[in-house]
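Asks: my_file.txt (compact mmCIF, C-alpha atoms) pasted underneath:
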# COMPACT_ATOMS: atom_id res chain seq x y z
CA MET O 1 -93.72 -33.08 34.07
CA ALA O 2 -90.42 -31.29 33.45
CA GLY O 3 -90.68 -28.17 31.25
CA ILE O 4 -94.52 -28.17 31.29
CA PRO O 5 -96.43 -25.60 33.34
CA VAL O 6 -97.99 -27.08 36.49
CA SER O 7 -101.51 -26.37 35.30
CA LEU O 8 -100.90 -28.12 31.97
CA ALA O 9 -99.17 -31.06 33.64
CA GLU O 10 -102.10 -31.48 36.00
CA LEU O 11 -104.50 -31.28 33.07
CA VAL O 12 -102.62 -34.04 31.28
CA ARG O 13 -102.57 -36.23 34.40
CA THR O 14 -106.27 -35.68 34.98
CA ALA O 15 -107.15 -36.47 31.37
CA THR O 16 -105.06 -39.66 31.46
CA ARG O 17 -106.65 -40.73 34.73
CA VAL O 18 -110.17 -40.09 33.43
CA GLU O 19 -109.42 -42.09 30.29
CA ARG O 20 -108.04 -44.94 32.38
CA ASP O 21 -111.03 -44.91 34.72
CA ASP O 22 -113.35 -45.62 31.80
CA VAL O 23 -111.46 -48.77 30.80
CA PHE O 24 -112.86 -52.10 32.04
CA VAL O 25 -110.91 -55.34 31.62
CA ALA O 26 -112.15 -57.98 34.09
CA ARG O 27 -114.15 -57.88 37.29
CA ALA O 28 -115.93 -60.23 39.70
CA GLY O 29 -119.70 -60.42 39.24
CA LYS O 30 -122.80 -62.28 40.41
CA VAL O 31 -125.69 -63.64 38.36
CA THR O 32 -129.02 -62.03 39.29
CA ALA O 33 -131.05 -63.62 36.48
CA TYR O 34 -130.39 -66.29 33.85
CA ASP O 35 -132.16 -67.15 30.60
CA GLU O 36 -131.61 -70.80 29.61
CA LEU O 37 -132.87 -70.25 26.05
CA THR O 38 -130.48 -67.44 25.13
CA ASN O 39 -127.73 -68.55 27.52
CA THR O 40 -127.41 -64.98 28.77
CA ALA O 41 -127.50 -63.54 32.26
CA VAL O 42 -128.05 -60.32 34.13
CA VAL O 43 -124.85 -59.81 36.10
CA LYS O 44 -124.16 -57.46 39.00
CA PRO O 45 -120.51 -56.33 39.22
CA MET O 46 -119.40 -57.13 42.77
CA VAL O 47 -116.38 -54.80 42.99
CA LYS O 48 -117.04 -51.07 43.09
CA HIS O 49 -115.43 -48.77 40.56
CA ALA O 50 -112.65 -46.59 41.98
CA LEU O 51 -112.60 -42.97 40.78
CA PHE O 52 -110.60 -39.89 41.64
CA LYS O 53 -112.19 -36.48 42.06
CA SER O 54 -110.51 -33.36 40.71
CA SER O 55 -109.27 -32.78 44.26
CA GLY O 56 -107.43 -36.10 44.17
CA GLU O 57 -109.83 -37.78 46.60
CA ARG O 58 -110.54 -41.42 45.81
CA VAL O 59 -114.20 -42.45 45.74
CA PHE O 60 -116.01 -45.71 44.93
CA ASP O 61 -119.10 -46.04 42.76
CA GLU O 62 -121.31 -49.13 42.68
CA LEU O 63 -121.70 -50.35 39.12
CA PRO O 64 -125.16 -51.16 37.71
CA GLU O 65 -126.39 -54.58 36.67
CA ILE O 66 -125.46 -55.54 33.12
CA PRO O 67 -128.11 -57.38 31.06
CA PHE O 68 -127.73 -59.85 28.19
CA VAL O 69 -124.29 -61.08 29.25
CA PRO O 70 -123.34 -64.29 27.36
CA VAL O 71 -122.38 -67.10 29.76
CA MET O 72 -119.35 -69.07 28.57
CA PHE O 73 -119.61 -72.87 28.52
CA PRO O 74 -116.92 -75.10 26.97
CA ARG O 75 -118.21 -75.83 23.47
CA ALA O 76 -116.82 -77.02 20.14
CA GLY O 77 -118.95 -78.12 17.18
CA ASN O 78 -121.89 -80.22 18.35
CA PHE O 79 -120.39 -80.93 21.77
CA VAL O 80 -120.91 -78.79 24.84
CA LEU O 81 -120.50 -79.03 28.62
CA THR O 82 -123.38 -77.32 30.41
CA MET O 83 -124.61 -76.95 33.97
CA PRO O 84 -127.34 -75.02 35.83
CA VAL O 85 -126.60 -71.34 36.51
CA PRO O 86 -128.67 -70.45 39.59
CA VAL O 87 -129.17 -66.89 40.77
CA GLY O 88 -126.22 -65.91 42.92
CA THR O 89 -123.62 -67.79 40.87
CA PRO O 90 -120.29 -65.91 40.91
CA VAL O 91 -118.69 -65.21 37.52
CA THR O 92 -115.73 -63.37 36.07
CA LEU O 93 -116.85 -60.52 33.82
CA LEU O 94 -114.46 -60.23 30.88
CA PHE O 95 -114.96 -56.95 29.01
CA LEU O 96 -114.20 -57.25 25.29
CA ASP O 97 -112.31 -54.40 23.68
CA VAL O 98 -115.21 -53.48 21.34
CA SER O 99 -118.86 -54.42 20.93
CA HIS O 100 -119.53 -57.97 19.80
CA ALA O 101 -123.28 -57.41 19.39
CA GLU O 102 -123.15 -57.30 15.59
CA TRP O 103 -121.01 -60.43 15.41
CA VAL O 104 -123.39 -62.30 17.75
CA GLU O 105 -126.27 -61.70 15.34
CA THR O 106 -124.60 -63.23 12.27
CA GLY O 107 -121.28 -64.86 13.22
CA ASP O 108 -119.69 -63.00 10.31
CA VAL O 109 -116.98 -60.36 10.21
CA SER O 110 -118.72 -57.28 11.57
CA GLU O 111 -118.33 -53.55 12.11
CA PRO O 112 -119.10 -52.54 15.71
CA VAL O 113 -121.58 -49.69 15.97
CA ASP O 114 -120.29 -48.99 19.48
CA ALA O 115 -116.54 -48.52 19.05
CA GLN O 116 -115.84 -47.63 22.69
CA ARG O 117 -112.79 -49.55 23.92
CA HIS O 118 -113.26 -51.87 26.91
CA GLY O 119 -116.59 -50.29 27.83
CA LEU O 120 -118.92 -51.48 30.54
CA GLY O 121 -121.55 -52.65 28.06
CA TRP O 122 -119.87 -55.60 26.34
CA PRO O 123 -118.72 -58.29 28.78
CA VAL O 124 -119.00 -62.07 28.76
CA ALA O 125 -119.39 -64.15 31.94
CA ILE O 126 -116.91 -66.92 32.69
CA LEU O 127 -117.95 -69.55 35.24
CA GLY O 128 -115.67 -70.95 37.93
CA MET O 129 -114.74 -67.99 40.13
CA PHE O 130 -115.88 -68.21 43.77
CA PRO O 131 -115.11 -66.22 46.93
CA ASP O 132 -113.34 -67.74 49.92
CA ASN O 133 -116.58 -68.07 51.89
CA ASP O 134 -117.93 -70.45 49.24
CA ARG O 135 -115.06 -72.82 48.66
CA MET O 136 -115.38 -76.39 47.41
CA SER O 137 -115.99 -79.21 49.87
CA ALA O 138 -113.22 -79.87 52.40
CA ASP O 139 -114.44 -83.42 53.06
CA PRO O 140 -111.33 -85.65 52.77
CA VAL O 141 -113.15 -87.98 50.37
CA ASP O 142 -114.07 -85.05 48.11
CA VAL O 143 -110.57 -83.56 48.28
CA ALA O 144 -109.01 -86.94 47.43
CA ALA O 145 -111.30 -87.30 44.43
CA ARG O 146 -110.39 -83.83 43.11
CA THR O 147 -106.65 -84.18 43.67
CA GLY O 148 -106.45 -87.78 42.47
CA GLY O 149 -108.44 -87.43 39.27
CA MET O 150 -111.40 -85.65 37.73
CA VAL O 151 -114.85 -84.92 39.17
CA ILE O 152 -117.82 -84.09 36.95
CA GLY O 153 -120.90 -83.13 38.97
CA GLU O 154 -121.42 -82.10 42.59
CA HIS O 155 -118.16 -81.33 44.38
CA ASP O 156 -119.89 -81.93 47.74
CA GLY O 157 -122.59 -84.46 46.89
CA THR O 158 -123.19 -87.91 45.43
CA ALA O 159 -124.48 -86.90 41.97
CA ARG O 160 -121.21 -87.05 40.08
CA ILE O 161 -118.83 -89.03 37.90
CA GLU O 162 -115.25 -89.53 39.04
CA ILE O 163 -112.21 -90.60 37.05
CA VAL O 164 -109.82 -91.68 39.79
CA LYS O 165 -106.48 -93.43 40.10
CA ALA O 166 -106.58 -97.12 40.92
CA ASP O 167 -104.19 -99.81 42.07
CA GLY O 168 -103.31 -102.74 39.88
CA PRO O 169 -103.13 -103.07 36.07
CA THR O 170 -105.85 -100.46 35.47
CA PRO O 171 -104.42 -96.96 36.04
CA HIS O 172 -107.82 -95.27 36.35
CA VAL O 173 -111.34 -96.23 37.31
CA ILE O 174 -114.58 -94.47 36.41
CA LYS O 175 -116.99 -94.18 39.32
CA ILE O 176 -120.63 -93.26 38.79
CA GLY O 177 -121.61 -91.71 42.11
CA LYS O 178 -119.45 -90.67 45.04
CA ASP O 179 -120.19 -93.83 47.03
CA ALA O 180 -119.74 -96.33 44.18
CA THR O 181 -117.60 -99.29 45.29
CA ASP O 182 -118.56 -102.23 43.04
CA PHE O 183 -117.79 -102.75 39.37
CA VAL O 184 -120.78 -102.83 37.01
CA ALA O 185 -121.48 -106.01 35.04
CA LEU O 186 -120.71 -106.07 31.32
CA ALA O 187 -123.52 -107.50 29.21
CA SER O 188 -121.25 -109.58 26.99
CA LYS O 189 -119.58 -111.27 29.94
CA VAL O 190 -122.86 -111.86 31.76
CA MET O 191 -124.42 -113.37 28.63
CA THR O 192 -121.37 -115.61 28.15
CA GLU O 193 -121.68 -116.89 31.70
CA LEU O 194 -125.42 -117.43 31.38
CA ALA O 195 -124.91 -119.31 28.11
CA ALA O 196 -122.38 -121.56 29.80
CA ILE O 197 -124.78 -122.26 32.67
CA ARG O 198 -127.61 -122.95 30.21
CA THR O 199 -125.43 -125.40 28.25
CA TRP O 200 -124.47 -127.19 31.43
CA ALA O 201 -128.06 -127.33 32.69
CA ASN O 202 -129.44 -128.63 29.39
CA ALA O 203 -126.88 -131.42 29.36
CA HIS O 204 -127.31 -132.35 33.02
CA THR O 205 -129.66 -135.20 34.02
CA HIS O 206 -130.57 -136.83 37.30
CA GLY O 207 -130.91 -140.59 37.71
CA GLY O 208 -134.32 -141.76 36.53
CA ALA O 209 -135.25 -138.39 35.04
CA ALA O 210 -137.85 -138.71 32.32
CA ALA O 211 -136.45 -135.88 30.23
CA THR O 212 -133.46 -133.54 30.05
CA PRO O 213 -134.33 -130.15 31.57
CA THR O 214 -134.25 -127.22 29.18
CA LEU O 215 -133.74 -123.56 30.20
CA SER O 216 -135.28 -120.69 28.31
CA PRO O 217 -132.92 -118.23 26.55
CA ALA O 218 -131.26 -115.84 28.93
CA THR O 219 -132.62 -112.31 29.22
CA SER O 220 -130.19 -109.43 28.65
CA VAL O 221 -128.96 -107.77 31.82
CA ALA O 222 -127.34 -104.85 29.99
CA ALA O 223 -127.97 -101.32 31.23
CA GLU O 224 -129.79 -99.15 28.72
CA LYS O 225 -127.89 -95.89 29.30
CA THR O 226 -124.64 -96.79 31.07
CA LYS O 227 -121.63 -98.47 29.52
CA ALA O 228 -118.31 -99.43 31.07
CA LYS O 229 -115.21 -101.28 30.00
If you took the structure in this file and wrote it as structure tokens, what would it be?
Replies:
Amino acid sequence: MAGIPVSLAELVRTATRVERDDVFVARAGKVTAYDELTNTAVVKPMVKHALFKSSGERVFDELPEIPFVPVMFPRAGNFVLTMPVPVGTPVTLLFLDVSHAEWVETGDVSEPVDAQRHGLGWPVAILGMFPDNDRMSADPVDVAARTGGMVIGEHDGTARIEIVKADGPTPHVIKIGKDATDFVALASKVMTELAAIRTWANAHTHGGAAATPTLSPATSVAAEKTKAK
């Protein structure tokens, strides 16, 4: 620094570097334990912390596991999108600028007891980050589903719901299961067809028949948990 003695300039640089080294913003992590009741995880930071010694040598320290990290799921009001969080799940650790512990307890405007800025102790875990050696399925069918619409469920399995583009008057089709190819029956249409068949059968007679055959009321064929339109 011009006009500042070398020793003082070095002191200022060192102090600035030390202050910067204690600031955490975001870092890749991995879940080592998960509590479904509190929706919190123990997360191991997966990128070492770079530090500089007084000599200027750069060294790397492995960061400790961080407990009680809230896992972020999309949620608004009574609606939420959840999924299992198995051990080993990669996450992005986002370090808040001050402690949110007091706010978590009440949800009210709070005064943080720990006022350290961007410290290591107050992150949240955001799902969705994965390394290159654990990419999503490269199966052409899976890739087509992801690029042509939306997939909810397994990216490489059959347990999923797809909203995909379709030909014809309907721009999109909802598929329940990767291998679904046939449209489900709608209860109202099935009941209409059965009623028509019943009317025809009740009115139909064969030559010499003693009585007109009568069919019992049709039984509903509607699914109990799945609806489609």
Asks: Could you pull the residues within 7 Å of Met129 in chain O, counting only C-alpha atoms, minus those fewer than 5 positions along the same chain, as a PDB file with C-alpha atoms, in the coordinates of the input?
Replies:
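Printed below is result_27.pdb as written:
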ATOM      1  CA  PRO O  90    -120.290 -65.910  40.910  1.00  0.00           C
ATOM      2  CA  VAL O  91    -118.690 -65.210  37.520  1.00  0.00           C
ATOM      3  CA  THR O  92    -115.730 -63.370  36.070  1.00  0.00           C
TER       4      THR O  92
END
Asks: Using CA of Ser110 in chain O and CA of Trp122 in chain O as the two end points, give the distance in Å to one decimal.
Replies: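 Answer for the CA of Ser110 in chain O to CA of Trp122 in chain O separation: 14.9 Å.
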Asks: Do you have the CA of Thr40 in chain O-CA of Met150 in chain O distance handy?
Replies: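 Straight-line distance from CA of Thr40 in chain O to CA of Met150 in chain O works out to 27.6 Å.
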Asks: Using only C-alpha atoms, pick whichever of O:Gly128, O:Pro171, O:Gly77, O:Pro67 has the shortest atom-to-atom distance to Ala28 in chain O.
Replies: O:Gly128
Asks: In Å, rounded to a single decimal, give me how far CA of Ala180 in chain O is from CA of Val141 in chain O.
Replies: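 CA of Ala180 in chain O lies at a distance of 12.3 Å from CA of Val141 in chain O.
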